[in-house]
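*Asks:* Here it is: the structure, laid out below.
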Amino acid sequence: MTVLVIALVIGVIVKRFLGEPLNARDVFIPPLVLTGIGVYTLVKDVQPSGGAIVWIVIAALAGLGFGALRGLTPRLYARDGHLWQRYTVWTLVVWITSIAVNFGIGFLATSSGVAAEARPMTLSIGVSLLGEAITLGRRALAMKVPFAPESPGLLDRLRSRIR
């Protein structure tokens, strides 16, 4: 599961550095899904204690903050009548800084006795992407240019080929 999440995140980052249409589903759904999976994992599998919850909240706030900061860095522009985005060098700087800070928080947490499982990667990535989605979404709405339309999903493309 972790490898799949990392592969998907890397794929998204590469696409965004090249520039891509900005559609609302891609901005808002992945952070909610990943955060939900992370919270579910914590509640079902880990059941963290009071001390671990403090570290989880600290990590979540840091992730949310760095995500919000990262949401300020992409270049937003209108193309073909809708919004597009392109990550910048500053986006990469914020990503690297947030990874370093998250690693530091994780190191401090595990040094204080918190189990590594109390910090699911899906939760860390989801909360960070949620912060980015909030900031990016506000910037996008302020531009008064529509989000890009949904591109057909894999199932839609397969159905159209069968017909």
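Ordered as shown in the structure tokens, chains take letters A, B, and onward, while each chain numbers its residues from 1 and ligands are numbered from 1 in the order shown.
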Run DSSP on the backbone and tell me which residues of chain A come out as strand (DSSP E); list them as a PyMOL selection string.
*Replies:* chain A and resi 20-21+75-79+82-86
*Asks:* Please identify which residues in region 53-159 of chain A DSSP calls alpha helix (DSSP H) from the backbone, and express them as a ChimeraX atom specification.
*Replies:* /A:53-70,89-111,121-143,154-159
*Asks:* Near Ile53 (chain A), counting only C-alpha atoms, which residues have an atom at most 10 Å away, once you skip same-chain residues fewer than 3 positions from it, shown as a list in words?
*Replies:*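 My reading of the contact set: Leu42, Gln47, Pro48, Ser49, Gly50, Ile56, Val57, Ile58, Ala59, Val114, Ala118 and Arg119 of chain A.
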*Asks:* Store the residues of this selection in a file with N, CA and C atoms, as an mmCIF file, in the first residue's frame.
*Replies:*
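Writing done, so here's again_36.cif:
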```cif
data_model
loop_
_atom_site.group_PDB
_atom_site.id
_atom_site.type_symbol
_atom_site.label_atom_id
_atom_site.label_comp_id
_atom_site.auth_asym_id
_atom_site.auth_seq_id
_atom_site.Cartn_x
_atom_site.Cartn_y
_atom_site.Cartn_z
ATOM 1 N N LEU A 42 -5.284 4.575 11.903
ATOM 2 C CA LEU A 42 -4.978 4.909 13.302
ATOM 3 C C LEU A 42 -6.013 4.331 14.255
ATOM 4 N N GLN A 47 -4.665 2.432 17.367
ATOM 5 C CA GLN A 47 -5.299 2.859 18.612
ATOM 6 C C GLN A 47 -4.288 3.581 19.515
ATOM 7 N N PRO A 48 -3.845 4.777 19.075
ATOM 8 C CA PRO A 48 -2.788 5.489 19.789
ATOM 9 C C PRO A 48 -3.198 5.951 21.182
ATOM 10 N N SER A 49 -2.194 6.051 22.052
ATOM 11 C CA SER A 49 -2.413 6.533 23.416
ATOM 12 C C SER A 49 -2.353 8.054 23.427
ATOM 13 N N GLY A 50 -2.525 8.645 24.602
ATOM 14 C CA GLY A 50 -2.520 10.106 24.750
ATOM 15 C C GLY A 50 -1.248 10.754 24.255
ATOM 16 N N ILE A 56 0.889 12.992 16.903
ATOM 17 C CA ILE A 56 0.098 12.919 15.670
ATOM 18 C C ILE A 56 -0.457 14.297 15.328
ATOM 19 N N VAL A 57 -0.954 14.999 16.335
ATOM 20 C CA VAL A 57 -1.504 16.343 16.114
ATOM 21 C C VAL A 57 -0.397 17.307 15.684
ATOM 22 N N ILE A 58 0.764 17.230 16.327
ATOM 23 C CA ILE A 58 1.888 18.094 15.939
ATOM 24 C C ILE A 58 2.271 17.843 14.481
ATOM 25 N N ALA A 59 2.402 16.583 14.120
ATOM 26 C CA ALA A 59 2.767 16.243 12.736
ATOM 27 C C ALA A 59 1.684 16.695 11.761
ATOM 28 N N VAL A 114 6.971 6.778 20.933
ATOM 29 C CA VAL A 114 5.787 6.598 20.096
ATOM 30 C C VAL A 114 6.110 5.585 19.002
ATOM 31 N N ALA A 118 2.129 4.771 14.557
ATOM 32 C CA ALA A 118 1.225 5.855 14.953
ATOM 33 C C ALA A 118 1.318 7.040 13.999
ATOM 34 N N ARG A 119 2.131 6.918 12.978
ATOM 35 C CA ARG A 119 2.281 7.987 11.988
ATOM 36 C C ARG A 119 2.106 7.416 10.582
#
```
*Asks:* Could you check which of A:Ala62, A:Arg75, A:Trp55, A:Trp84 is closest to Phe107 (chain A), using only C-alpha atoms?
*Replies:* A:Trp55
*Asks:* What are the closest atom pairs, with distances in Å to one decimal, for each residue of region 21-127 of chain A lying within 7 Å of region 139-145 of chain A, using only C-alpha atoms, rows by chain and rising residue number, as a Markdown table?
*Replies:*
```
| residue | atom | partner | partner_atom | distance |
| --- | --- | --- | --- | --- |
| A:Ala78 | CA | A:Val145 | CA | 6.8 |
| A:His82 | CA | A:Val145 | CA | 5.8 |
| A:Leu83 | CA | A:Val145 | CA | 6.1 |
```
*Asks:* Need the shell around Val14 (chain A): protein/DNA/RNA residues with any atom at most 12 Å away, counting only C-alpha atoms. Skip same-chain ones fewer than 3 positions apart. Format as a PyMOL selection string?
*Replies:* chain A and resi 7-11+17-20+86-88+91-92
